[in-house]
>>> print(open('data.txt').read())   # compact mmCIF, C-alpha atoms
# COMPACT_ATOMS: atom_id res chain seq x y z
CA MET A 26 73.81 83.72 126.32
CA ILE A 27 74.64 83.22 130.00
CA PHE A 28 73.19 79.70 129.77
CA GLN A 29 75.56 78.82 126.96
CA LEU A 30 78.53 80.13 128.94
CA ILE A 31 77.55 78.01 131.95
CA LEU A 32 77.09 74.96 129.73
CA ILE A 33 80.50 75.43 128.09
CA PHE A 34 82.06 75.69 131.55
CA ILE A 35 80.36 72.44 132.65
CA MET A 36 81.61 70.78 129.46
CA ILE A 37 85.22 71.85 130.12
CA ILE A 38 85.05 70.49 133.69
CA LEU A 39 83.72 67.14 132.44
CA ALA A 40 86.33 66.86 129.69
CA VAL A 41 89.20 67.51 132.09
CA ALA A 42 87.72 64.97 134.51
CA ALA A 43 87.41 62.40 131.70
CA SER A 44 91.10 62.70 130.93
CA LEU A 45 92.17 62.45 134.58
CA PHE A 46 90.20 59.39 135.76
CA LYS A 47 92.21 56.20 136.28
CA ASP A 48 89.17 53.91 136.23
CA LEU A 49 88.17 53.70 132.58
CA ILE A 50 84.47 53.13 133.34
CA ASN A 51 84.38 56.57 134.93
CA ALA A 52 86.06 58.05 131.87
CA VAL A 53 83.45 56.48 129.58
CA VAL A 54 80.63 57.88 131.73
CA ALA A 55 82.22 61.34 131.65
CA CYS A 56 82.49 61.09 127.84
CA ALA A 57 78.75 60.36 127.68
CA ALA A 58 78.11 63.46 129.80
CA VAL A 59 80.29 65.61 127.50
CA SER A 60 78.25 64.41 124.55
CA LEU A 61 75.05 65.32 126.45
CA ILE A 62 76.22 68.91 126.96
CA THR A 63 77.34 69.10 123.31
CA SER A 64 73.87 68.08 122.25
CA ILE A 65 72.29 70.90 124.29
CA LEU A 66 74.73 73.39 122.77
CA PHE A 67 73.79 72.34 119.23
CA TYR A 68 70.20 72.73 120.35
CA PHE A 69 70.85 76.32 121.43
CA LEU A 70 72.51 77.02 118.06
CA GLN A 71 69.21 76.03 116.35
CA ALA A 72 70.53 72.87 114.70
CA PRO A 73 68.17 70.10 115.84
CA ASP A 74 69.34 67.58 113.23
CA VAL A 75 72.96 67.77 114.36
CA ALA A 76 71.80 67.53 117.96
CA MET A 77 69.84 64.40 117.08
CA ALA A 78 72.87 62.75 115.45
CA GLU A 79 75.06 63.72 118.40
CA ALA A 80 72.52 62.23 120.81
CA ALA A 81 72.30 58.96 118.89
CA ILE A 82 76.05 58.51 118.47
CA GLY A 83 77.28 59.96 121.73
CA ALA A 84 74.80 58.55 124.21
CA GLY A 85 74.06 55.10 122.84
CA LEU A 86 76.66 53.88 120.39
CA THR A 87 79.91 55.26 121.81
CA THR A 88 79.15 54.14 125.36
CA ALA A 89 78.25 50.60 124.32
CA VAL A 90 81.29 50.23 122.03
CA PHE A 91 83.67 51.54 124.68
CA ILE A 92 82.18 49.22 127.31
CA ILE A 93 82.68 46.23 125.01
CA ALA A 94 86.28 47.31 124.37
CA ILE A 95 86.98 47.66 128.10
CA ARG A 96 85.53 44.23 128.72
CA LYS A 97 87.89 42.72 126.14
CA THR A 98 90.97 44.44 127.61
CA GLU A 99 91.27 45.71 131.19
CA ARG A 100 89.52 48.17 133.45
CA TYR A 101 92.20 50.14 135.30
CA GLU A 102 94.77 52.38 133.69
CA LYS A 103 98.32 51.74 134.83
CA MET B 22 59.67 85.29 132.09
CA THR B 23 58.34 82.23 133.90
CA LEU B 24 60.32 80.01 131.56
CA MET B 25 63.52 81.90 132.38
CA ILE B 26 63.03 81.15 136.10
CA PHE B 27 62.50 77.47 135.24
CA PHE B 28 65.69 77.43 133.16
CA GLY B 29 67.65 78.93 136.05
CA VAL B 30 66.38 76.32 138.52
CA ILE B 31 67.13 73.50 136.06
CA ILE B 32 70.68 74.78 135.46
CA ILE B 33 71.28 74.78 139.23
CA ALA B 34 69.97 71.20 139.39
CA VAL B 35 72.33 70.17 136.55
CA ILE B 36 75.27 71.70 138.42
CA LEU B 37 74.37 69.78 141.61
CA ALA B 38 74.23 66.51 139.67
CA LEU B 39 77.52 67.45 137.96
CA ILE B 40 79.28 67.85 141.31
CA ARG B 41 78.14 64.36 142.29
CA ALA B 42 79.20 62.97 138.90
CA VAL B 43 82.70 64.40 139.20
CA LYS B 44 83.41 63.69 142.86
CA GLY B 45 81.40 60.53 143.69
CA PRO B 46 83.64 57.95 145.38
CA THR B 47 82.73 54.82 143.37
CA ALA B 48 81.81 54.15 139.74
CA PRO B 49 78.04 53.59 140.36
CA ASP B 50 77.86 57.02 142.03
CA ARG B 51 79.09 58.66 138.87
CA VAL B 52 76.67 56.69 136.73
CA VAL B 53 73.81 57.82 138.99
CA GLY B 54 74.90 61.45 138.65
CA VAL B 55 75.04 61.27 134.87
CA ASP B 56 71.70 59.43 134.71
CA ILE B 57 70.04 62.18 136.74
CA MET B 58 71.67 64.78 134.47
CA VAL B 59 70.20 63.05 131.42
CA THR B 60 66.67 62.96 132.87
CA ILE B 61 66.84 66.64 133.86
CA THR B 62 68.18 67.52 130.41
CA VAL B 63 65.31 65.77 128.62
CA ALA B 64 62.89 68.00 130.53
CA LEU B 65 65.08 71.04 129.74
CA MET B 66 64.95 70.22 126.03
CA VAL B 67 61.16 70.09 126.02
CA LEU B 68 60.94 73.42 127.85
CA LEU B 69 63.40 74.92 125.34
CA GLY B 70 61.10 73.69 122.58
CA ILE B 71 58.31 75.74 124.20
CA PHE B 72 60.67 78.73 124.38
CA PHE B 73 61.75 78.62 120.72
CA LYS B 74 58.27 77.54 119.53
CA ARG B 75 59.49 74.90 117.06
CA ARG B 76 57.93 71.48 117.13
CA ILE B 77 60.87 69.54 115.68
CA TYR B 78 62.80 70.11 118.92
CA LEU B 79 60.70 67.49 120.68
CA ASP B 80 62.25 64.75 118.53
CA VAL B 81 65.69 65.40 119.98
CA SER B 82 64.48 64.82 123.52
CA LEU B 83 62.62 61.66 122.47
CA ILE B 84 65.79 60.22 120.89
CA TYR B 85 67.85 61.19 123.91
CA ALA B 86 65.40 59.50 126.29
CA VAL B 87 65.57 56.29 124.24
CA LEU B 88 69.33 56.09 123.80
CA SER B 89 70.58 57.12 127.23
CA PHE B 90 68.65 54.10 128.51
CA VAL B 91 70.83 51.88 126.32
CA GLY B 92 74.02 53.45 127.67
CA VAL B 93 73.05 53.07 131.34
CA ILE B 94 71.98 49.47 130.79
CA ALA B 95 75.34 48.70 129.12
CA VAL B 96 77.31 50.10 132.06
CA ALA B 97 75.09 48.28 134.56
CA ARG B 98 75.54 44.99 132.75
CA TYR B 99 79.31 45.44 132.78
CA LEU B 100 79.38 46.16 136.52
CA ASP B 101 77.25 43.06 137.01
CA LYS B 102 80.24 41.11 135.60
CA GLY B 103 78.24 40.00 132.59
CA LEU B 104 77.35 41.76 129.32
CA MET C 29 43.46 79.52 131.12
CA ASN C 30 45.33 76.70 129.39
CA GLN C 31 48.55 78.64 129.82
CA ILE C 32 48.09 79.15 133.56
CA ILE C 33 47.32 75.47 134.28
CA GLY C 34 50.22 74.37 132.09
CA TYR C 35 52.72 76.68 133.78
CA ILE C 36 51.57 75.58 137.25
CA VAL C 37 52.03 71.88 136.37
CA MET C 38 55.40 72.67 134.81
CA GLY C 39 56.50 74.57 137.90
CA VAL C 40 55.65 71.66 140.19
CA GLY C 41 57.66 69.37 137.90
CA VAL C 42 60.68 71.67 137.91
CA ALA C 43 60.54 71.85 141.71
CA PHE C 44 60.62 68.05 141.86
CA LEU C 45 63.58 67.97 139.48
CA PHE C 46 65.48 70.37 141.70
CA LEU C 47 64.68 68.34 144.84
CA GLY C 48 65.88 65.17 143.12
CA ALA C 49 69.19 66.76 142.18
CA LEU C 50 69.57 68.06 145.74
CA GLY C 51 68.98 64.55 147.06
CA VAL C 52 71.63 63.15 144.73
CA PHE C 53 74.03 65.79 145.98
CA ARG C 54 73.49 65.32 149.70
CA PHE C 55 72.63 61.68 150.47
CA PRO C 56 75.32 59.41 151.94
CA ASP C 57 75.58 56.28 149.75
CA VAL C 58 74.70 54.87 146.33
CA TYR C 59 71.36 53.30 147.23
CA ASN C 60 69.98 56.40 148.97
CA ARG C 61 71.10 58.57 146.06
CA LEU C 62 69.51 56.22 143.56
CA GLN C 63 66.23 56.25 145.45
CA ALA C 64 66.03 60.03 145.76
CA GLY C 65 67.22 60.64 142.24
CA THR C 66 65.01 58.16 140.47
CA LYS C 67 61.71 58.84 142.20
CA CYS C 68 61.94 62.61 142.20
CA THR C 69 63.26 63.01 138.68
CA THR C 70 60.80 60.57 137.16
CA LEU C 71 57.83 62.47 138.59
CA GLY C 72 59.46 65.80 137.82
CA ALA C 73 60.20 65.03 134.18
CA PHE C 74 56.72 63.54 133.73
CA LEU C 75 55.00 66.64 135.13
CA SER C 76 57.16 69.13 133.20
CA ILE C 77 56.63 67.39 129.88
CA ILE C 78 52.87 67.02 130.44
CA GLY C 79 52.78 70.72 131.39
CA ALA C 80 54.51 71.57 128.13
CA GLY C 81 51.84 69.57 126.34
CA ILE C 82 49.10 71.52 128.13
CA VAL C 83 50.62 74.90 127.23
CA GLU C 84 50.74 74.01 123.50
CA PRO C 85 47.70 71.75 122.94
CA THR C 86 48.73 70.64 119.44
CA TRP C 87 51.90 69.05 120.87
CA PHE C 88 50.08 67.03 123.48
CA LEU C 89 50.35 63.59 121.82
CA LYS C 90 54.09 63.81 121.22
CA CYS C 91 54.68 65.06 124.77
CA LEU C 92 52.60 62.18 126.11
CA ILE C 93 54.75 59.68 124.21
CA ILE C 94 57.99 61.13 125.66
CA ALA C 95 56.52 61.23 129.17
CA VAL C 96 55.26 57.65 129.08
CA PHE C 97 58.60 56.49 127.75
CA ILE C 98 60.44 58.15 130.63
CA LEU C 99 57.92 56.66 133.06
CA PHE C 100 58.72 53.16 131.75
CA THR C 101 62.49 53.25 131.25
CA ASN C 102 63.72 55.26 134.23
CA PRO C 103 62.79 52.73 136.95
CA ILE C 104 64.19 49.87 134.85
CA SER C 105 67.60 51.51 134.53
CA ALA C 106 67.60 52.41 138.23
CA HIS C 107 66.84 48.82 139.19
CA ALA C 108 69.59 47.47 136.93
CA LEU C 109 72.04 49.96 138.39
CA ALA C 110 71.18 49.14 142.02
CA ARG C 111 71.53 45.44 141.37
CA ALA C 112 74.84 45.92 139.58
CA SER C 113 76.27 48.10 142.33
CA TYR C 114 75.24 45.59 145.02
CA LYS C 115 76.83 42.77 143.06
CA SER C 116 80.02 44.69 142.37
CA GLY C 117 80.52 45.03 146.11
CA VAL C 118 79.57 48.59 147.05
CA LYS C 119 78.98 48.74 150.81
CA LEU C 120 75.83 50.07 152.47
CA TRP C 121 75.93 53.15 154.70
CA ASP C 122 76.78 52.31 158.35
CA LYS C 123 73.42 53.50 159.67
CA SER C 124 71.29 51.52 157.18
CA VAL C 125 68.95 49.26 159.15
CA VAL C 126 67.83 46.49 156.82
CA ASP C 127 69.53 44.52 154.04
CA LYS C 128 67.10 42.01 152.55
CA CYS C 129 69.32 41.08 149.62
CA LYS C 130 71.82 39.38 151.96
CA ASP C 131 69.34 36.51 152.51
CA PHE C 132 69.72 35.39 148.90
CA GLU C 133 72.71 33.31 147.99
CA GLU C 134 74.09 35.14 144.97
CA CYS C 135 74.01 38.57 146.61
CA ALA C 136 75.71 37.36 149.80
CA LYS C 137 78.45 35.72 147.73
CA ALA C 138 78.99 38.90 145.75
CA GLN C 139 79.45 40.97 148.91
CA GLU C 140 81.81 38.40 150.44
CA ASP C 141 84.08 38.27 147.39
CA ASP C 142 85.18 41.87 147.42
CA LYS C 143 85.84 42.18 151.11
>>> encode(input="data.txt", output="structure tokens")
Amino acid sequence: MIFQLILIFIMIILAVAASLFKDLINAVVACAAVSLITSILFYFLQAPDVAMAEAAIGAGLTTAVFIIAIRKTERYEK
Amino acid sequence: MTLMIFFGVIIIAVILALIRAVKGPTAPDRVVGVDIMVTITVALMVLLGIFFKRRIYLDVSLIYAVLSFVGVIAVARYLDKGL
Amino acid sequence: MNQIIGYIVMGVGVAFLFLGALGVFRFPDVYNRLQAGTKCTTLGAFLSIIGAGIVEPTWFLKCLIIAVFILFTNPISAHALARASYKSGVKLWDKSVVDKCKDFEECAKAQEDDK
């Protein structure tokens, strides 16, 4: 129980940081970390299949797609 | 009991890497912090599989180890001014 | 007996993981952090996962696959990251003694550009 509380706290810190960064690369990296913590929380809730899907989508696909989008547009938020 | 001590140490390690990932001055610092968090978490998932005694939990850590590699390589290629 | 050996190996691995995270927290620049983080956490994750395989002998093959995969991919991603951060113009720490990459043309150009 205490582990889940600590993990939720870490996740809130990372989400706030992801919305505050001006450099979009940092925001993408923080999003990947949020998805990592989400995957562990699904794991604690005894849902390994959902955790697997979250790992596949959050860690690999979302990061790569966001990086391609940033490369096509611009890196720093105005 | 032993596993609980291990979980506590690993959570402290995750928090240390988290501080670096939030505060690091440049972008590669943050990527390093998150990469270390991912590696520590893969070990944590395997130990949790021992704790819950279900074999299917190992698959999650295998998939995470494979796909976080793809994410880090994508960010590194972008910083290299390529992709 | 199996249990005791497995827990000892696992404990050594967890200690290495903690030392790696401490190194990432305390070292002064990107390259030092990368070195501490990658070496310590690769060995730590390898030992913890192999220890888990020793505690539950029927899981040993799957654990070995995960461990070998981490052993292969972690240094590759660290190398790509170090190269990318050198090329994107991150400076070394003031007290670093040697910089071999400056002798090559492409690296020197990359550091000059962002000055």
>>> atom_distance(input="data.txt", atom1="CA of Ile77 (chain B)", atom2="CA of Ile32 (chain B)")
22.7 Å
>>> residues_around(input="data.txt", residues="Asp50 (chain B)", least_positions_apart="5", cutoff="12 Å", atoms="only C-alpha atoms", output="ChimeraX atom specification")
/A:50-51,54 /B:38-45,55-57,97 /C:52-53,55-62,65,106,109-110,112-113,118
>>> residues_around(input="data.txt", residues="Val81 (chain B)", least_positions_apart="3", cutoff="7 Å", atoms="only C-alpha atoms", output="MDAnalysis selection string")
(chainID A and resid 73 76:77) or (chainID B and resid 78 84:85)
>>> atom_distance(input="data.txt", atom1="CA of Gln63 (chain C)", atom2="CA of Leu45 (chain C)")
13.4 Å
>>> atom_distance(input="data.txt", atom1="CA of Ala86 (chain B)", atom2="CA of Ala94 (chain A)")
24.3 Å
>>> closest_residue(input="data.txt", among="B:Ala34, B:Val96, B:Leu88, B:Val59", to="chain C", atoms="all atoms listed in the file")
B:Ala34
>>> residues_around(input="data.txt", residues="Met26 (chain A)", least_positions_apart="5", cutoff="12 Å", atoms="all atoms listed in the file", output="list in words")
Ile31, Leu32, Ile33, Leu66, Phe69 and Leu70 of chain A
>>> write_last_selection(input="data.txt", atoms="C-alpha atoms", output="short mmCIF file (atom, residue, chain, number, x, y, z; two decimals), keeping the file's coordinate frame")
data_model
loop_
_atom_site.label_atom_id
_atom_site.label_comp_id
_atom_site.auth_asym_id
_atom_site.auth_seq_id
_atom_site.Cartn_x
_atom_site.Cartn_y
_atom_site.Cartn_z
CA ILE A 31 77.55 78.01 131.95
CA LEU A 32 77.09 74.96 129.73
CA ILE A 33 80.50 75.43 128.09
CA LEU A 66 74.73 73.39 122.77
CA PHE A 69 70.85 76.32 121.43
CA LEU A 70 72.51 77.02 118.06
#
>>> interface_residues(input="data.txt", of="chain B", to="chain C", cutoff="8 Å", atoms="all atoms listed in the file", output="PyMOL selection string")
chain B and resi 23+27+30-31+33-35+37-38+40-41+47+49-50+53-54+57+60-61+63-64+67-68+71+76+79+82-83+86-87+90+93-94+97-98+100-102
>>> decode(input="data.txt", residues="region 89-114 of chain C", atoms="C-alpha atoms", output="mmCIF file, in the first residue's frame")
data_model
loop_
_atom_site.group_PDB
_atom_site.id
_atom_site.type_symbol
_atom_site.label_atom_id
_atom_site.label_comp_id
_atom_site.auth_asym_id
_atom_site.auth_seq_id
_atom_site.Cartn_x
_atom_site.Cartn_y
_atom_site.Cartn_z
ATOM 1 C CA LEU C 89 15.400 -19.733 -18.689
ATOM 2 C CA LYS C 90 13.054 -16.756 -18.975
ATOM 3 C CA CYS C 91 15.096 -14.789 -16.430
ATOM 4 C CA LEU C 92 18.254 -15.580 -18.376
ATOM 5 C CA ILE C 93 16.687 -14.211 -21.567
ATOM 6 C CA ILE C 94 15.725 -10.916 -19.860
ATOM 7 C CA ALA C 95 19.167 -10.604 -18.245
ATOM 8 C CA VAL C 96 21.078 -11.238 -21.473
ATOM 9 C CA PHE C 97 18.873 -8.752 -23.285
ATOM 10 C CA ILE C 98 19.631 -6.053 -20.713
ATOM 11 C CA LEU C 99 23.326 -6.937 -20.925
ATOM 12 C CA PHE C 100 23.260 -6.327 -24.694
ATOM 13 C CA THR C 101 21.032 -3.275 -25.057
ATOM 14 C CA ASN C 102 22.022 -1.108 -22.090
ATOM 15 C CA PRO C 103 25.593 -0.312 -23.233
ATOM 16 C CA ILE C 104 24.367 0.359 -26.778
ATOM 17 C CA SER C 105 21.854 2.962 -25.637
ATOM 18 C CA ALA C 106 24.424 4.538 -23.309
ATOM 19 C CA HIS C 107 26.929 4.831 -26.148
ATOM 20 C CA ALA C 108 24.356 6.395 -28.464
ATOM 21 C CA LEU C 109 23.380 8.858 -25.759
ATOM 22 C CA ALA C 110 26.974 9.880 -24.982
ATOM 23 C CA ARG C 111 27.721 10.431 -28.640
ATOM 24 C CA ALA C 112 24.539 12.431 -29.135
ATOM 25 C CA SER C 113 25.195 14.642 -26.125
ATOM 26 C CA TYR C 114 28.772 15.331 -27.257
#
